[in-house]
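Here's the structure, in structure tokens; my notes come after.
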Amino acid sequence: MTTLDRKLWRELWHLRGQALAVAVVIASGVAMLVMSMSTVEALDDTTRAYYQRNRFGDVFAFAVRAPETVARRIAELPGVQSVDVRIGKYATLDIDGLAEPVIGRLQSIPEDGQPPLNRLTLRSGRWLEPGRRDEVIINEPFAEAHGMVEGAQFSALINGHYRRLTVVGTALSPEFVYALGPGALMPDDKRFGIVWMSRQALESAYDLEGAFNDLSVSLLRGAAVDAVLRDIDTLLEPYGGFRAVARADQLSNWFVMNEIAQQRTMSTILPTIFLAVAAFLTYMVLTRLIATERSEIGLLKAFGYTHWEISWHYMKLVLVIAVAGILLGSVLGAMFGLDNTRRYADFFRFPLLIYRPSANAFLLAALVSVATTVAGAVGAVRRAASLPPAEAMRPPQPVIYRHTDSGRRQLLALVDQPTRIALRQIGRWPLRAFFTVAGISMSVALLVVGLQWSDMIDEMAERYFFDAQRQHAMIGLSEAQAMTALQDFKHLPGVIAAEPLRFVSADFHVGTRRHRGAINGVPADTVLQPIHDEATGHDLPVPQDGLAMATRLAQKLDVGVGDMVWVDIQQGQRPSVQLPVTTLFETMIAMPAVMDLQALNRLLKERPSLEYANLLIDKRAEGELFRALKSMPGIGAVMIKQAALDSFHDTIGEQMLIYTGIFAMFAGALGFGVVYNSARIALSERGRELATLRVLGFTRGEISYILLAEVGLLIVAALPLGCLAGRGLTLMIAHLFDTELFRIPATVQPSTYGMAVLLTLLATVTSIALVRRRVDQLDLIRVLKTRE
């Protein structure tokens, strides 16, 4: 070990507290980066392996009733590898002990084994036995929500007839990773389940012998997906076919990919803030160390050490701290990444988990960390290397003092002498004070960002479930029915009011811009589900001869009020028409396009029809209503608003609680590191001054106040700035999370600011207490013997 290396380890031991604080901040940034990247990689790998192992389809299509000869023609299309025809229907389930009706997706599977595509992973029990048409396999989350095991029974209203079904097994499917009921926003395993039955049982129940209404296709590598979709739509059109969708647009997969994309976005924003603060702390520590070692640098140069050797010596000091932070952060990031991935795997109910963090995440974190810390150290190292020996061996030039102007003097006269000393010290080193305030502000800002997710969830729930929806329940029909069916709903027990509703699949396009969505048809006098503009908080009138379009959809199509949009209806006779955009409105969920229900029915060239009914319910008669709904044939969906709200909070709240806890820990480490380093540097700079004051009769409390008041004043200045920065970061994240599915409201409640400030104060007070302990242990004789 060379002389400079021994000096390096002595300095690290002497600066161990400050070096540890810098390393902790670096570790926080590295851990955030590794956790985010490893989670994204694991979700990608797990999803890909699950899809491949279970042969998840590439294309999905639906029809009313198509003969199996059409499937053979689809199999002959260029690019098609294999075709799996199925029967899929929604049915009302009556679960023992549950008052509310439950909706089940009945999906056909072969009796003699796995289907060719979208294979099941059997989690318990056995496969269906041939000829036992009342045996079913149910999805595992639904079984767990109701405590069902092998041998459990429940009733299902299948095509108007009740049948008692027996559970023989539970399974998972790549097609229903994110199992959403019709019209649902979040999975609700208690009120929606997947029920796999034998193909023969569903054929006879729905009179679909030799026919199908559900299709899945796998494609050859390099196949032209868009061309296959068009060909399938053409072949299924005579049989009431709905538009075919690629895997990317399949509902379950779309939600999973959207979640992975959000994780990828977060992995680029937050670690940057931590590592930027780490660069500032490195600069502070190294600048102070070089200032205190001027004479030693001069002696080293006098003894023949070159500029490069001295520069490399101090750069190695920085690199040792950075490596310590990288190692700690890598371990923490891998641990948190595994935990985060497991939670996502549990949430999506993956039957397998692949967590093999690649070297890319660790190498990128290491490179970025080293780059930022070295960037923070370059200026200080350059100054150390450029000092001539003779100048370095002289004491630094004393600080130039000047008379305070009268206004400032009057202001300082309002505070006591120790506070004036602290204020003058801040004024003497404004750049250092600025960076300290910036670091503490970032700690507050990151806490605000982490804690505001609960505000966001509450705000989204309030706007979507209460401001935009005034109904208590939405009932969906298996197929469109005449408007007279609305009277049947109005006569149900407990129904105060009922309004019709219809959703029609449609493609919107203007020039080369396209969007696959739906038109929501609502009555002109709608009250229960009006067109609610989130920007103004007001309800808008339903247009009579045009579209009311969500602003986000209008931006995607690059249209405004008065512009014409081509609309290709994907149901019925599939008309293509041009409609004017008459109104734009802000919404937080999806990108709806709304028009008058009567106008929509005319556009479809159909009799007045409805597919859904919004109900206003007398809560006292809910039980009777639920019993009546269970026995009504043709019901395809039952959505209770309170149940949807509970599911929304449970689904998002569970994920956000974990996220907020990790975030608070890292943000607290950031505040601790900044304050501890600032206070320790101030102590090392002013140790002789404080010892002199002790000799002159100042108490330990007074000199502690003189030292720590400077940091305390900077903390006080940083707290409101941190709240403002948190607001800015919240707006930025809200912009980055502006997706087609939802928009995040940039809402921060006063209590969130208060909690962020309290947590920051807790971290900073802890670091101040550690420094105060060192002040109390100050060795007066040793400090006063120090040569100026």
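To be explicit about the labels: the chains of the structure tokens are called A, B, and onward in the order shown, and within each one the residues are counted from 1, while ligands get numbers from 1 in the order they are shown.
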
- DSSP-assigned alpha helix (DSSP H) among range 657-764 of chain A, expressed as JSON, numbers by chain: {"A": [657, 658, 659, 660, 661, 662, 663, 664, 665, 666, 667, 668, 669, 670, 671, 672, 673, 674, 675, 676, 677, 678, 679, 680, 681, 682, 683, 684, 685, 686, 687, 688, 689, 690, 691, 692, 693, 694, 695, 700, 701, 702, 703, 704, 705, 706, 707, 708, 709, 710, 711, 712, 713, 714, 715, 716, 717, 718, 719, 720, 721, 722, 723, 724, 725, 726, 727, 728, 729, 730, 731, 732, 733, 734, 735, 736, 750, 751, 752, 753, 754, 755, 756, 757, 758, 759, 760, 761, 762, 763, 764]}

- Query: What lies within 8 Å of Ser82 in chain A using only C-alpha atoms, ignoring chain neighbours under 2 positions off, as a PyMOL selection string?
  - Reply: chain A and resi 75+80+84+217-219

I need the chosen residues saved as a PDB file, in the first residue's frame, with N, CA, C and O atoms.
ATOM      1  N   ALA A  75     -58.062 -20.238 -40.922  1.00  0.00           N
ATOM      2  CA  ALA A  75     -56.802 -20.964 -40.758  1.00  0.00           C
ATOM      3  C   ALA A  75     -55.972 -20.942 -42.033  1.00  0.00           C
ATOM      4  O   ALA A  75     -54.744 -21.123 -41.973  1.00  0.00           O
ATOM      5  N   VAL A  80     -51.380 -17.021 -40.663  1.00  0.00           N
ATOM      6  CA  VAL A  80     -52.062 -17.696 -39.557  1.00  0.00           C
ATOM      7  C   VAL A  80     -51.407 -19.044 -39.296  1.00  0.00           C
ATOM      8  O   VAL A  80     -51.215 -19.849 -40.220  1.00  0.00           O
ATOM      9  N   ASP A  84     -58.204 -21.432 -32.775  1.00  0.00           N
ATOM     10  CA  ASP A  84     -58.968 -22.104 -31.715  1.00  0.00           C
ATOM     11  C   ASP A  84     -60.330 -21.438 -31.636  1.00  0.00           C
ATOM     12  O   ASP A  84     -60.435 -20.245 -31.308  1.00  0.00           O
ATOM     13  N   VAL A 217     -56.435 -16.788 -32.394  1.00  0.00           N
ATOM     14  CA  VAL A 217     -55.559 -17.145 -33.505  1.00  0.00           C
ATOM     15  C   VAL A 217     -54.112 -16.915 -33.091  1.00  0.00           C
ATOM     16  O   VAL A 217     -53.790 -15.907 -32.458  1.00  0.00           O
ATOM     17  N   SER A 218     -53.235 -17.842 -33.455  1.00  0.00           N
ATOM     18  CA  SER A 218     -51.797 -17.610 -33.324  1.00  0.00           C
ATOM     19  C   SER A 218     -51.221 -17.365 -34.711  1.00  0.00           C
ATOM     20  O   SER A 218     -51.700 -17.934 -35.704  1.00  0.00           O
ATOM     21  N   LEU A 219     -50.198 -16.494 -34.776  1.00  0.00           N
ATOM     22  CA  LEU A 219     -49.637 -16.083 -36.057  1.00  0.00           C
ATOM     23  C   LEU A 219     -48.214 -16.591 -36.206  1.00  0.00           C
ATOM     24  O   LEU A 219     -47.504 -16.834 -35.221  1.00  0.00           O
TER      25      LEU A 219
END

Would you write out, as CSV, a table of all residues in range 560-638 of chain A that have an atom no more than 10 Å from an atom of range 178-192 of chain A, listing for each the closest atom pair and the distance in Å to one decimal, considering only C-alpha atoms and ordering rows by chain and rising residue number?
residue,atom,partner,partner_atom,distance
A:Ile589,CA,A:Leu185,CA,8.8
A:Ala590,CA,A:Leu185,CA,9.7
A:Tyr612,CA,A:Gly183,CA,9.8
A:Gly636,CA,A:Pro182,CA,7.7
A:Ala637,CA,A:Pro182,CA,5.8
A:Val638,CA,A:Pro182,CA,8.3

Would you save the residues of that selection, restricted to all heavy atoms, as a compact mmCIF listing (two decimals), in the first residue's frame?
# COMPACT_ATOMS: atom_id res chain seq x y z
N ILE A 589 -61.02 9.07 -16.84
CA ILE A 589 -60.97 7.65 -17.16
C ILE A 589 -61.32 7.46 -18.63
O ILE A 589 -62.34 7.96 -19.10
CB ILE A 589 -61.96 6.84 -16.29
CG1 ILE A 589 -61.71 7.10 -14.80
CG2 ILE A 589 -61.85 5.36 -16.60
CD1 ILE A 589 -60.39 6.62 -14.28
N ALA A 590 -60.45 6.74 -19.36
CA ALA A 590 -60.66 6.38 -20.76
C ALA A 590 -60.77 7.61 -21.64
O ALA A 590 -60.45 8.74 -21.23
CB ALA A 590 -61.90 5.49 -20.89
N TYR A 612 -77.50 -1.38 -21.82
CA TYR A 612 -77.28 -1.20 -20.39
C TYR A 612 -78.39 -0.34 -19.83
O TYR A 612 -79.04 0.43 -20.56
CB TYR A 612 -75.94 -0.52 -20.11
CG TYR A 612 -74.73 -1.36 -20.42
CD1 TYR A 612 -74.20 -1.40 -21.71
CD2 TYR A 612 -74.11 -2.12 -19.43
CE1 TYR A 612 -73.09 -2.17 -22.00
CE2 TYR A 612 -73.00 -2.90 -19.71
CZ TYR A 612 -72.49 -2.91 -21.00
OH TYR A 612 -71.39 -3.68 -21.28
N GLY A 636 -76.10 -9.72 -18.61
CA GLY A 636 -74.69 -10.00 -18.91
C GLY A 636 -73.72 -9.29 -18.00
O GLY A 636 -72.53 -9.61 -17.99
N ALA A 637 -74.20 -8.32 -17.20
CA ALA A 637 -73.30 -7.58 -16.31
C ALA A 637 -74.12 -6.92 -15.22
O ALA A 637 -75.23 -6.41 -15.47
CB ALA A 637 -72.51 -6.53 -17.08
N VAL A 638 -73.60 -6.95 -14.03
CA VAL A 638 -74.19 -6.24 -12.89
C VAL A 638 -73.06 -5.50 -12.19
O VAL A 638 -72.15 -6.11 -11.63
CB VAL A 638 -74.89 -7.19 -11.90
CG1 VAL A 638 -75.43 -6.39 -10.71
CG2 VAL A 638 -76.01 -7.95 -12.58

- Query: From the set A:Gln262, A:Pro493, A:Ile321, A:Ser684, which residue has the shortest atom-to-atom contact distance to Gly623 in chain A, counting only C-alpha atoms?
  - Reply: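 Under the stated criterion, the closest residue is A:Pro493.
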
- Query: Residues at most 10 Å from Ala422 in chain A, counting only C-alpha atoms, excluding those fewer than 4 positions away in the same chain, as a list in words?
  - Reply: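 Here the qualifying residues turn out to be Gln417, Pro418, Ile426, Gly427, Arg428, Tyr705, Ile706, Leu707, Leu708, Ala709, Glu710, Val711, Gly712 and Leu713 of chain A.
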
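The gap separating CA of Ser252 in chain A from CA of Thr47 in chain A is 11.7 Å, in Å to one decimal.
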
- Atomic distance CA of Thr583 in chain A - CA of Val561 in chain A, expressed in Å with one decimal: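 Distance between the two atoms: 6.0 Å.
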
- Message: Which of range 342-555 of chain A end up as strand (DSSP E) when DSSP is run on this backbone - answer as a ChimeraX atom specification?
- Response: /A:473-482,495-510,513-522,531-533,538-540,547-550

Residue subset to file, keeping C-alpha atoms, as a compact mmCIF listing (two decimals), in the first residue's frame:
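The resulting file, result11.txt, is reproduced below:
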# COMPACT_ATOMS: atom_id res chain seq x y z
CA ALA A 473 -75.95 0.26 -10.33
CA MET A 474 -75.46 -0.44 -14.02
CA ILE A 475 -77.08 -3.54 -15.47
CA GLY A 476 -75.80 -4.93 -18.76
CA LEU A 477 -77.77 -7.12 -21.15
CA SER A 478 -76.33 -10.08 -23.02
CA GLU A 479 -77.45 -8.45 -26.28
CA ALA A 480 -79.20 -5.27 -27.35
CA GLN A 481 -82.94 -5.26 -26.63
CA ALA A 482 -85.86 -3.01 -27.53
CA VAL A 495 -85.70 1.02 -8.48
CA ILE A 496 -86.38 4.75 -8.24
CA ALA A 497 -85.24 5.69 -11.74
CA ALA A 498 -83.76 3.94 -14.79
CA GLU A 499 -82.00 5.30 -17.87
CA PRO A 500 -80.92 3.46 -21.04
CA LEU A 501 -77.34 3.33 -22.26
CA ARG A 502 -75.51 1.79 -25.18
CA PHE A 503 -71.86 1.20 -26.13
CA VAL A 504 -71.05 0.57 -29.79
CA SER A 505 -67.58 -0.40 -30.99
CA ALA A 506 -66.24 2.01 -33.57
CA ASP A 507 -63.06 3.10 -35.32
CA PHE A 508 -62.39 6.84 -35.47
CA HIS A 509 -60.04 8.24 -38.06
CA VAL A 510 -59.00 11.60 -39.46
CA ARG A 513 -54.71 9.27 -37.31
CA ARG A 514 -56.83 6.38 -36.01
CA HIS A 515 -58.34 5.21 -32.74
CA ARG A 516 -60.24 2.06 -31.87
CA GLY A 517 -62.84 2.80 -29.25
CA ALA A 518 -66.58 3.02 -28.78
CA ILE A 519 -69.48 5.45 -28.95
CA ASN A 520 -71.47 5.88 -25.76
CA GLY A 521 -75.12 6.45 -26.50
CA VAL A 522 -76.99 8.28 -23.71
CA ILE A 531 -71.41 14.23 -19.86
CA HIS A 532 -69.38 15.66 -17.01
CA ASP A 533 -66.54 18.06 -17.76
CA HIS A 538 -70.27 21.13 -14.92
CA ASP A 539 -72.52 18.78 -16.89
CA LEU A 540 -72.71 19.40 -20.64
CA LEU A 547 -70.07 13.77 -30.98
CA ALA A 548 -69.09 15.03 -27.57
CA MET A 549 -65.46 13.93 -27.43
CA ALA A 550 -62.97 13.61 -24.60

- Message: If we count only C-alpha atoms and set the cut-off at 10 Å, which residues sit around Leu251 in chain A, ignoring sequence neighbours fewer than 4 positions away in its own chain? Please answer as a list in words.
- Response: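 Once the nearby chain positions are removed, what remains is Glu175, Phe176, Val177, Tyr178, Ala179, Leu180, Val245, Arg247, Phe255 and Val256 of chain A.
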
- Residue nearest Ile440 in chain A among A:Ile137, A:Ala276, A:Ile158, A:Ala718 (counting only C-alpha atoms):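 Among the listed residues, A:Ala718 lies closest to Ile440 in chain A.
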
- Which residue of A:Val149, A:Val168, A:Val85, A:Ile569 approaches Arg132 in chain A most closely, using only C-alpha atoms: A:Val168

- Message: I'd like the neighbourhood of Thr752 in chain A as a list in words, where a residue qualifies if any of its atoms comes within 12 Å (using only C-alpha atoms), though same-chain residues fewer than 3 positions away should be ignored.
- Response: Val444, Ala445, Leu446, Leu447, Val448, Val449, Gly450, Leu451, Gln452, Trp453, Ser454, Asp455, Met456, Thr660, Cys723, Gly726, Arg727, Thr747, Val748, Gln749, Met755, Ala756, Val757, Leu758 and Leu759 of chain A

Write the residues you've just listed into a file as a PDB file, in the first residue's frame, and include C-alpha atoms for each of them.
ATOM      1  CA  VAL A 444     -39.545  17.267   0.944  1.00  0.00           C
ATOM      2  CA  ALA A 445     -40.545  17.213  -2.728  1.00  0.00           C
ATOM      3  CA  LEU A 446     -39.975  13.476  -3.065  1.00  0.00           C
ATOM      4  CA  LEU A 447     -42.019  12.827   0.058  1.00  0.00           C
ATOM      5  CA  VAL A 448     -44.831  14.971  -1.334  1.00  0.00           C
ATOM      6  CA  VAL A 449     -44.744  12.936  -4.572  1.00  0.00           C
ATOM      7  CA  GLY A 450     -44.802   9.655  -2.660  1.00  0.00           C
ATOM      8  CA  LEU A 451     -47.575  10.639  -0.267  1.00  0.00           C
ATOM      9  CA  GLN A 452     -49.798  12.394  -2.802  1.00  0.00           C
ATOM     10  CA  TRP A 453     -50.797   9.098  -4.437  1.00  0.00           C
ATOM     11  CA  SER A 454     -53.453   8.613  -1.766  1.00  0.00           C
ATOM     12  CA  ASP A 455     -54.780  12.108  -2.569  1.00  0.00           C
ATOM     13  CA  MET A 456     -54.799  11.179  -6.241  1.00  0.00           C
ATOM     14  CA  THR A 660     -45.168   5.088  -0.483  1.00  0.00           C
ATOM     15  CA  CYS A 723     -43.522  21.851  -0.993  1.00  0.00           C
ATOM     16  CA  GLY A 726     -43.208  18.677  -4.765  1.00  0.00           C
ATOM     17  CA  ARG A 727     -46.106  20.374  -6.455  1.00  0.00           C
ATOM     18  CA  THR A 747     -53.988  16.866  -6.371  1.00  0.00           C
ATOM     19  CA  VAL A 748     -52.059  17.436  -3.134  1.00  0.00           C
ATOM     20  CA  GLN A 749     -53.979  17.900   0.097  1.00  0.00           C
ATOM     21  CA  MET A 755     -46.828  14.870   6.596  1.00  0.00           C
ATOM     22  CA  ALA A 756     -43.952  15.438   4.160  1.00  0.00           C
ATOM     23  CA  VAL A 757     -42.663  18.310   6.290  1.00  0.00           C
ATOM     24  CA  LEU A 758     -42.947  16.259   9.497  1.00  0.00           C
ATOM     25  CA  LEU A 759     -41.081  13.286   8.027  1.00  0.00           C
TER      26      LEU A 759
END

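What separates CA of Gly131 in chain A from CA of Phe56 in chain A is a distance of 27.2 Å.
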
- Message: Give me the residues near range 12-14 of chain A as a list in words, where near means some atom within 9 Å (using only C-alpha atoms) and where sequence neighbours in that chain fewer than 3 positions away do not count.
- Response: Lys7, Leu8, Trp9, Gly17, Ala19, Leu317, Val320 and Ile321 of chain A

- Message: Residues near Glu740 in chain A, anyone? I mean within 8 Å using only C-alpha atoms, not counting same-chain ones fewer than 2 positions away, as a list in words.
- Response: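 In the requested form, the answer reads Arg552, Ala590, Met591, Asp738, Phe742 and Arg743 of chain A.
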